[in-house]
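With mmCIF, C-alpha atoms inside, this is target.cif:
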data_start
loop_
_atom_site.label_atom_id
_atom_site.label_comp_id
_atom_site.auth_asym_id
_atom_site.auth_seq_id
_atom_site.Cartn_x
_atom_site.Cartn_y
_atom_site.Cartn_z
CA GLY H 11 6.11 -5.80 14.99
CA GLU H 12 7.37 -3.04 12.75
CA ASN H 13 6.28 0.55 13.38
CA VAL H 14 6.81 3.24 10.75
CA GLU H 15 6.37 6.93 11.55
CA GLN H 16 6.11 9.50 8.78
CA HIS H 17 6.40 13.30 8.88
CA PRO H 18 5.01 15.73 7.98
CA SER H 19 1.38 14.76 7.48
CA THR H 20 0.84 17.68 5.11
CA LEU H 21 3.35 19.62 3.02
CA SER H 22 2.78 22.56 0.71
CA VAL H 23 5.54 23.81 -1.56
CA GLN H 24 5.78 26.26 -4.42
CA GLU H 25 6.23 24.81 -7.88
CA GLY H 26 9.93 24.38 -8.57
CA ASP H 27 10.88 24.05 -4.89
CA SER H 28 12.05 20.84 -3.25
CA ALA H 29 10.00 18.62 -0.95
CA VAL H 30 11.35 16.28 1.74
CA ILE H 31 9.37 13.61 3.57
CA LYS H 32 10.92 11.69 6.45
CA CYS H 33 10.23 8.28 7.96
CA THR H 34 11.59 6.28 10.86
CA TYR H 35 11.22 2.55 11.44
CA SER H 36 11.59 0.38 14.51
CA ASP H 37 12.59 -3.11 13.35
CA SER H 38 16.31 -3.32 12.65
CA ALA H 39 15.65 -6.47 10.57
CA SER H 40 13.71 -4.48 7.97
CA ASN H 41 15.67 -4.41 4.74
CA TYR H 42 13.39 -2.96 2.09
CA PHE H 43 12.01 0.57 2.03
CA PRO H 44 9.64 1.57 -0.78
CA TRP H 45 7.83 4.83 -1.39
CA TYR H 46 4.37 4.86 -2.89
CA LYS H 47 2.43 7.72 -4.47
CA GLN H 48 -1.35 7.71 -4.26
CA GLU H 49 -3.27 10.05 -6.52
CA LEU H 50 -6.87 10.94 -5.78
CA GLY H 51 -9.18 8.01 -6.40
CA LYS H 52 -6.33 5.66 -7.31
CA GLY H 53 -4.39 2.91 -5.64
CA PRO H 54 -0.84 3.51 -4.35
CA GLN H 55 1.89 3.15 -6.96
CA LEU H 56 5.57 2.48 -6.32
CA ILE H 57 7.77 5.42 -7.28
CA ILE H 58 11.13 4.43 -5.81
CA ASP H 59 12.56 1.94 -3.35
CA ILE H 60 15.82 1.27 -1.55
CA ARG H 61 17.34 -1.76 0.08
CA SER H 62 19.39 -1.82 3.24
CA ASN H 63 22.69 -2.39 1.44
CA VAL H 64 22.42 1.00 -0.27
CA GLY H 65 22.55 4.47 1.29
CA GLU H 66 21.07 6.51 -1.52
CA LYS H 67 19.18 6.01 -4.75
CA LYS H 68 18.12 8.54 -7.35
CA ASP H 69 15.67 8.44 -10.24
CA GLN H 70 15.41 11.72 -12.13
CA ARG H 71 13.79 14.24 -9.76
CA ILE H 72 13.23 11.70 -6.99
CA ALA H 73 15.82 10.46 -4.52
CA VAL H 74 15.70 8.36 -1.38
CA THR H 75 18.27 8.21 1.39
CA LEU H 76 18.61 5.57 4.09
CA ASN H 77 20.41 5.75 7.43
CA LYS H 78 20.36 2.22 8.88
CA THR H 79 22.07 3.23 12.10
CA ALA H 80 19.47 5.84 12.91
CA LYS H 81 16.69 3.76 11.32
CA HIS H 82 15.37 6.55 9.17
CA PHE H 83 14.87 7.15 5.47
CA SER H 84 13.74 10.14 3.45
CA LEU H 85 12.17 10.99 0.11
CA HIS H 86 13.45 14.03 -1.77
CA ILE H 87 11.58 15.51 -4.71
CA THR H 88 13.34 18.30 -6.57
CA GLU H 89 11.87 20.82 -9.02
CA THR H 90 8.35 19.97 -7.91
CA GLN H 91 5.52 20.16 -10.41
CA PRO H 92 1.73 20.35 -9.87
CA GLU H 93 1.41 16.72 -10.95
CA ASP H 94 3.54 15.74 -7.96
CA SER H 95 0.58 16.66 -5.75
CA ALA H 96 -0.59 13.42 -4.11
CA VAL H 97 -0.37 11.40 -0.91
CA TYR H 98 3.02 9.79 -0.42
CA PHE H 99 3.55 6.73 1.75
CA CYS H 100 6.78 5.29 3.03
CA ALA H 101 6.92 1.65 4.04
CA ALA H 102 9.30 -0.86 5.54
CA SER H 103 9.47 -4.62 5.34
CA LYS H 104 11.53 -7.74 5.62
CA ALA H 105 11.02 -10.91 3.60
CA GLY H 106 8.08 -12.92 4.90
CA ALA H 107 6.57 -16.35 4.37
CA GLY H 108 6.53 -17.63 0.81
CA SER H 109 6.78 -14.71 -1.54
CA ALA H 110 4.78 -12.40 0.66
CA ARG H 111 6.40 -9.19 1.69
CA GLN H 112 4.51 -7.70 4.61
CA LEU H 113 4.80 -3.96 4.18
CA THR H 114 4.16 -1.69 7.13
CA PHE H 115 3.15 1.71 5.85
CA GLY H 116 3.68 5.14 7.32
CA SER H 117 0.65 7.37 7.89
CA GLY H 118 1.07 9.28 4.62
CA THR H 119 1.99 12.82 3.60
CA GLN H 120 -0.37 14.96 1.56
CA LEU H 121 1.91 16.95 -0.75
CA THR H 122 0.44 19.98 -2.47
CA VAL H 123 2.49 21.78 -5.11
CA LEU H 124 1.21 25.32 -5.56
CA PRO H 125 1.49 26.79 -9.07
CA ASP P 14 -4.67 -4.17 -20.07
CA THR P 15 -2.55 -5.91 -17.48
CA ALA P 16 -3.69 -4.81 -14.05
CA VAL P 17 -5.20 -5.54 -10.68
CA SER P 18 -8.92 -4.95 -11.00
CA GLN P 19 -11.48 -4.77 -8.23
CA THR P 20 -15.26 -4.68 -8.31
CA PRO P 21 -17.29 -2.88 -7.27
CA LYS P 22 -15.53 0.48 -7.11
CA TYR P 23 -18.24 1.88 -4.82
CA LEU P 24 -20.47 0.01 -2.42
CA VAL P 25 -23.11 1.58 -0.17
CA THR P 26 -25.01 -0.71 2.15
CA GLN P 27 -26.89 -0.91 5.44
CA MET P 28 -25.49 -2.14 8.74
CA GLY P 29 -25.93 -5.86 9.21
CA ASN P 30 -25.78 -6.72 5.52
CA ASP P 31 -23.28 -9.12 3.92
CA LYS P 32 -21.23 -7.94 0.95
CA SER P 33 -18.36 -9.13 -1.24
CA ILE P 34 -15.57 -7.40 -3.10
CA LYS P 35 -13.88 -9.21 -5.96
CA CYS P 36 -10.30 -8.90 -7.13
CA GLU P 37 -8.54 -10.27 -10.17
CA GLN P 38 -4.97 -9.83 -11.36
CA ASN P 39 -3.65 -10.81 -14.78
CA LEU P 40 -0.02 -10.08 -13.99
CA GLY P 41 0.78 -13.74 -13.34
CA HIS P 42 1.66 -12.98 -9.71
CA ASP P 43 1.61 -15.65 -7.03
CA THR P 44 0.76 -13.51 -4.04
CA MET P 45 -2.30 -11.37 -3.45
CA TYR P 46 -3.26 -9.08 -0.59
CA TRP P 47 -6.12 -7.13 0.90
CA TYR P 48 -5.37 -3.78 2.51
CA LYS P 49 -7.77 -1.46 4.34
CA GLN P 50 -7.39 2.32 4.10
CA ASP P 51 -9.31 4.26 6.71
CA SER P 52 -10.60 7.83 6.59
CA LYS P 53 -7.19 9.13 7.72
CA LYS P 54 -5.53 7.39 4.75
CA PHE P 55 -3.80 4.84 6.98
CA LEU P 56 -3.04 1.64 5.04
CA LYS P 57 -3.11 -1.63 6.95
CA ILE P 58 -2.68 -5.16 5.66
CA MET P 59 -5.55 -7.54 6.32
CA PHE P 60 -4.70 -10.77 4.48
CA SER P 61 -2.21 -12.27 2.09
CA TYR P 62 -2.55 -15.38 -0.05
CA ASN P 63 0.22 -17.20 -1.88
CA ASN P 64 -0.97 -19.62 -4.54
CA LYS P 65 -4.40 -19.87 -2.91
CA GLU P 66 -2.89 -20.47 0.54
CA LEU P 67 -3.46 -18.00 3.38
CA ILE P 68 -0.08 -16.79 4.69
CA ILE P 69 -0.81 -13.50 6.42
CA ASN P 70 -3.87 -13.00 8.56
CA GLU P 71 -3.67 -9.87 10.64
CA THR P 72 -5.95 -9.14 13.55
CA VAL P 73 -9.15 -8.80 11.58
CA PRO P 74 -12.66 -9.67 12.85
CA ASN P 75 -13.77 -13.09 11.65
CA ARG P 76 -16.66 -11.35 9.88
CA PHE P 77 -14.06 -10.82 7.15
CA SER P 78 -13.40 -13.95 5.12
CA PRO P 79 -11.05 -13.95 2.14
CA LYS P 80 -11.40 -16.59 -0.53
CA SER P 81 -8.96 -17.43 -3.29
CA PRO P 82 -10.45 -19.74 -5.92
CA ASP P 83 -7.21 -19.59 -7.92
CA LYS P 84 -4.00 -17.60 -7.77
CA ALA P 85 -5.39 -14.87 -10.02
CA HIS P 86 -8.38 -14.12 -7.80
CA LEU P 87 -8.78 -13.05 -4.19
CA ASN P 88 -12.25 -12.09 -3.02
CA LEU P 89 -13.24 -10.51 0.28
CA HIS P 90 -16.54 -11.34 1.91
CA ILE P 91 -17.77 -9.32 4.85
CA ASN P 92 -20.62 -10.51 7.09
CA SER P 93 -22.80 -8.40 9.39
CA LEU P 94 -21.36 -5.10 8.25
CA GLU P 95 -20.70 -2.44 10.90
CA LEU P 96 -20.27 1.32 10.63
CA GLY P 97 -16.56 0.95 11.39
CA ASP P 98 -16.11 -1.19 8.28
CA SER P 99 -16.52 1.91 6.13
CA ALA P 100 -13.20 2.36 4.35
CA VAL P 101 -11.46 1.91 1.03
CA TYR P 102 -10.33 -1.67 0.49
CA PHE P 103 -7.37 -2.25 -1.79
CA CYS P 104 -6.40 -5.47 -3.43
CA ALA P 105 -2.73 -5.88 -4.39
CA SER P 106 -0.44 -8.51 -5.86
CA SER P 107 3.26 -9.24 -5.99
CA PRO P 108 5.39 -11.67 -8.00
CA ARG P 109 6.95 -14.89 -6.69
CA ARG P 110 9.95 -14.78 -4.38
CA ARG P 111 12.58 -15.58 -6.99
CA THR P 112 11.63 -12.56 -9.02
CA ASN P 113 10.16 -10.57 -6.18
CA THR P 114 11.42 -7.03 -6.36
CA GLY P 115 9.24 -6.23 -3.39
CA GLU P 116 6.84 -4.08 -5.39
CA LEU P 117 3.15 -4.34 -4.68
CA PHE P 118 0.74 -3.65 -7.51
CA PHE P 119 -2.47 -2.14 -6.18
CA GLY P 120 -5.95 -2.06 -7.62
CA GLU P 121 -7.88 1.18 -7.68
CA GLY P 122 -9.76 0.43 -4.50
CA SER P 123 -13.33 -0.31 -3.47
CA ARG P 124 -14.96 2.36 -1.33
CA LEU P 125 -17.34 0.74 1.14
CA THR P 126 -19.84 2.95 2.97
CA VAL P 127 -21.94 1.38 5.71
CA LEU P 128 -25.03 3.39 6.72
#

Do you think you could lay out the structure here as structure tokens?
Amino acid sequence: GENVEQHPSTLSVQEGDSAVIKCTYSDSASNYFPWYKQELGKGPQLIIDIRSNVGEKKDQRIAVTLNKTAKHFSLHITETQPEDSAVYFCAASKAGAGSARQLTFGSGTQLTVLP
Amino acid sequence: DTAVSQTPKYLVTQMGNDKSIKCEQNLGHDTMYWYKQDSKKFLKIMFSYNNKELIINETVPNRFSPKSPDKAHLNLHINSLELGDSAVYFCASSPRRRTNTGELFFGEGSRLTVL
């Protein structure tokens, strides 16, 4: 099955700096790579995703890059703000039975933005 | 409000007891999931149902029994609770394949503590 590794497990940055979180995956058939943000006491929420036919995607201060050959993808957050502090999860999947998409999650990165 | 809602949010119980967690989504999605998040924040899929039919059943003890009375509800019943069952359980849903962007919509979680 799919195995997703995520680094670092914790990341502290100064407000205004950039943050980068990296993930690798094992299954070359995986074609969908979302990133979820989990705030304290809440469920994970999708913040950005990328499919295997695209190398980079950007949404305001958030960008994701994908290298299919190396089987790794990264989340970049620029101009970090205190409200960016949360646990971030990468995930990988391929289409499954019916409409189910079986996501395999990375182990999470606790991002702390220091004011 | 449109959402994935779970009850109860907190559940404290003794070893050996039987408990249930309920989940409802009013997003009109066809597929629902149960995920377990352990103390290290690791998220792992347990079950997935598509239109009341079980389609993903990961290696989970048979003390865990999901039940889907209709496509808007997916409940989780746990028999003979053990200390290791302590975790946060997340319900999630996703839309049907034709319109499936891949996004999972998570509930806010149910924190189960087994004493």

Dump as a PDB file with C-alpha atoms, in the frame of the given file the residues of chain P that approach chain H to within 10 Å, counting only C-alpha atoms.
ATOM      1  CA  VAL P  17      -5.200  -5.540 -10.680  1.00  0.00           C
ATOM      2  CA  LYS P  22     -15.530   0.480  -7.110  1.00  0.00           C
ATOM      3  CA  HIS P  42       1.660 -12.980  -9.710  1.00  0.00           C
ATOM      4  CA  ASP P  43       1.610 -15.650  -7.030  1.00  0.00           C
ATOM      5  CA  THR P  44       0.760 -13.510  -4.040  1.00  0.00           C
ATOM      6  CA  MET P  45      -2.300 -11.370  -3.450  1.00  0.00           C
ATOM      7  CA  TYR P  46      -3.260  -9.080  -0.590  1.00  0.00           C
ATOM      8  CA  LYS P  53      -7.190   9.130   7.720  1.00  0.00           C
ATOM      9  CA  LYS P  54      -5.530   7.390   4.750  1.00  0.00           C
ATOM     10  CA  PHE P  55      -3.800   4.840   6.980  1.00  0.00           C
ATOM     11  CA  LEU P  56      -3.040   1.640   5.040  1.00  0.00           C
ATOM     12  CA  LYS P  57      -3.110  -1.630   6.950  1.00  0.00           C
ATOM     13  CA  ILE P  58      -2.680  -5.160   5.660  1.00  0.00           C
ATOM     14  CA  PHE P  60      -4.700 -10.770   4.480  1.00  0.00           C
ATOM     15  CA  SER P  61      -2.210 -12.270   2.090  1.00  0.00           C
ATOM     16  CA  TYR P  62      -2.550 -15.380  -0.050  1.00  0.00           C
ATOM     17  CA  ASN P  63       0.220 -17.200  -1.880  1.00  0.00           C
ATOM     18  CA  ASN P  64      -0.970 -19.620  -4.540  1.00  0.00           C
ATOM     19  CA  GLU P  66      -2.890 -20.470   0.540  1.00  0.00           C
ATOM     20  CA  ILE P  68      -0.080 -16.790   4.690  1.00  0.00           C
ATOM     21  CA  ILE P  69      -0.810 -13.500   6.420  1.00  0.00           C
ATOM     22  CA  VAL P 101     -11.460   1.910   1.030  1.00  0.00           C
ATOM     23  CA  TYR P 102     -10.330  -1.670   0.490  1.00  0.00           C
ATOM     24  CA  PHE P 103      -7.370  -2.250  -1.790  1.00  0.00           C
ATOM     25  CA  CYS P 104      -6.400  -5.470  -3.430  1.00  0.00           C
ATOM     26  CA  ALA P 105      -2.730  -5.880  -4.390  1.00  0.00           C
ATOM     27  CA  SER P 106      -0.440  -8.510  -5.860  1.00  0.00           C
ATOM     28  CA  SER P 107       3.260  -9.240  -5.990  1.00  0.00           C
ATOM     29  CA  PRO P 108       5.390 -11.670  -8.000  1.00  0.00           C
ATOM     30  CA  ARG P 109       6.950 -14.890  -6.690  1.00  0.00           C
ATOM     31  CA  ARG P 110       9.950 -14.780  -4.380  1.00  0.00           C
ATOM     32  CA  ARG P 111      12.580 -15.580  -6.990  1.00  0.00           C
ATOM     33  CA  THR P 112      11.630 -12.560  -9.020  1.00  0.00           C
ATOM     34  CA  ASN P 113      10.160 -10.570  -6.180  1.00  0.00           C
ATOM     35  CA  THR P 114      11.420  -7.030  -6.360  1.00  0.00           C
ATOM     36  CA  GLY P 115       9.240  -6.230  -3.390  1.00  0.00           C
ATOM     37  CA  GLU P 116       6.840  -4.080  -5.390  1.00  0.00           C
ATOM     38  CA  LEU P 117       3.150  -4.340  -4.680  1.00  0.00           C
ATOM     39  CA  PHE P 118       0.740  -3.650  -7.510  1.00  0.00           C
ATOM     40  CA  PHE P 119      -2.470  -2.140  -6.180  1.00  0.00           C
ATOM     41  CA  GLY P 120      -5.950  -2.060  -7.620  1.00  0.00           C
ATOM     42  CA  GLU P 121      -7.880   1.180  -7.680  1.00  0.00           C
ATOM     43  CA  GLY P 122      -9.760   0.430  -4.500  1.00  0.00           C
ATOM     44  CA  SER P 123     -13.330  -0.310  -3.470  1.00  0.00           C
ATOM     45  CA  ARG P 124     -14.960   2.360  -1.330  1.00  0.00           C
TER      46      ARG P 124
END

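Close contacts of P:His86, defined as residues with an atom at most 7 Å away when counting only C-alpha atoms, with chain neighbours fewer than 5 positions off set aside, comprise Cys36, Glu37, Gln38 and Ser81 of chain P.
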
Residue contacts of stretch 76-82 of chain H (8 Å, only C-alpha atoms) excluding same-chain residues fewer than 6 positions away, as a JSON list (two decimals) with C-alpha atoms, in the frame of the given file:
[["chain", "number", "residue", "atom", "x", "y", "z"],
["H", 32, "LYS", "CA", 10.92, 11.69, 6.45],
["H", 33, "CYS", "CA", 10.23, 8.28, 7.96],
["H", 34, "THR", "CA", 11.59, 6.28, 10.86],
["H", 35, "TYR", "CA", 11.22, 2.55, 11.44],
["H", 36, "SER", "CA", 11.59, 0.38, 14.51],
["H", 38, "SER", "CA", 16.31, -3.32, 12.65],
["H", 60, "ILE", "CA", 15.82, 1.27, -1.55],
["H", 62, "SER", "CA", 19.39, -1.82, 3.24],
["H", 64, "VAL", "CA", 22.42, 1.00, -0.27],
["H", 65, "GLY", "CA", 22.55, 4.47, 1.29],
["H", 66, "GLU", "CA", 21.07, 6.51, -1.52]]

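With distances taken over all atoms listed in the file, H:Ser28 is the one residue among H:Gln70, H:Ser28, H:Asn13, H:Ser19 lying closest to H:Ile87.
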
Within 8 Å of (-3.7, -8.3, -14.1) (coordinates as in the file), grab all the protein and nucleic acid residues, counting all atoms listed in the file, and write them out as a JSON list (two decimals) with C-alpha atoms, keeping the file's coordinate frame.
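The result, written out as out.json:
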[["chain", "number", "residue", "atom", "x", "y", "z"],
["P", 14, "ASP", "CA", -4.67, -4.17, -20.07],
["P", 15, "THR", "CA", -2.55, -5.91, -17.48],
["P", 16, "ALA", "CA", -3.69, -4.81, -14.05],
["P", 17, "VAL", "CA", -5.20, -5.54, -10.68],
["P", 18, "SER", "CA", -8.92, -4.95, -11.00],
["P", 37, "GLU", "CA", -8.54, -10.27, -10.17],
["P", 38, "GLN", "CA", -4.97, -9.83, -11.36],
["P", 39, "ASN", "CA", -3.65, -10.81, -14.78],
["P", 40, "LEU", "CA", -0.02, -10.08, -13.99],
["P", 41, "GLY", "CA", 0.78, -13.74, -13.34],
["P", 85, "ALA", "CA", -5.39, -14.87, -10.02]]

- Suppose you want the space between atom CA of H:Leu85 and atom CA of P:Ala100; what is it in Å?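 Taking atom CA of H:Leu85 and atom CA of P:Ala100, their separation equals 27.1 Å.
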
Please determine an axis-aligned box that encloses all atoms of stretch 56-72 of chain H listed in the file, with 3 Å added on each side, and express its centre and edge lengths in Å to one decimal as AutoDock Vina command-line options.
--center_x 14.1 --center_y 5.9 --center_z -4.4 --size_x 23.1 --size_y 22.6 --size_z 21.4

- Reference answer for the PyMOL selection byres ((chain P and resi 77) around 9), as a VMD selection string: chain P and resid 73 to 76 78 to 79 89 to 92

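Computed from the coordinates, the atom CA of P:Ser52 to atom CA of P:Leu128 distance equals 15.1 Å.
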
- Between P:Val127, P:Leu67, P:Leu24, P:Met59, single out the one closest to P:Pro82, counting all atoms listed in the file. P:Leu67

- Note on the structure: From atom CA of P:Asp51 to atom CA of P:Glu71 the spacing works out at 15.7 Å

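The neighbours of P:Asn30 here are the residues that come within 6 Å of it, using only C-alpha atoms and leaving out any residue fewer than 3 positions away in the same chain; they are Gln27, Ser93 and Leu94 of chain P.
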
- Reference answer for the PyMOL selection byres ((chain H and resi 73) around 6), as a list in words: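 Applied to this file, the PyMOL selection byres ((chain H and resi 73) around 6) selects Lys67, Lys68, Ile72, Val74, Leu85 and His86 of chain H.
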
- Task: Apply the PyMOL selection byres ((chain H and resi 92) around 7) to the file shown and report the selected residues as a PyMOL selection string.
- Result: chain H and resi 25+90-91+93-95+123-125

- Which residue out of H:Glu49, H:Glu15, H:Asp37, H:Asp27 has the minimum interatomic distance to H:Ser84 when all atoms listed in the file are used?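 Distance minimum relative to H:Ser84 lands on H:Glu15.
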
- Message: With distances taken over all atoms listed in the file, which residue among P:Thr72, P:Pro21, P:Leu125, P:Lys65 lies nearest P:Lys35?
- Response: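 Among P:Thr72, P:Pro21, P:Leu125, P:Lys65, it is P:Pro21 that comes nearest to P:Lys35.
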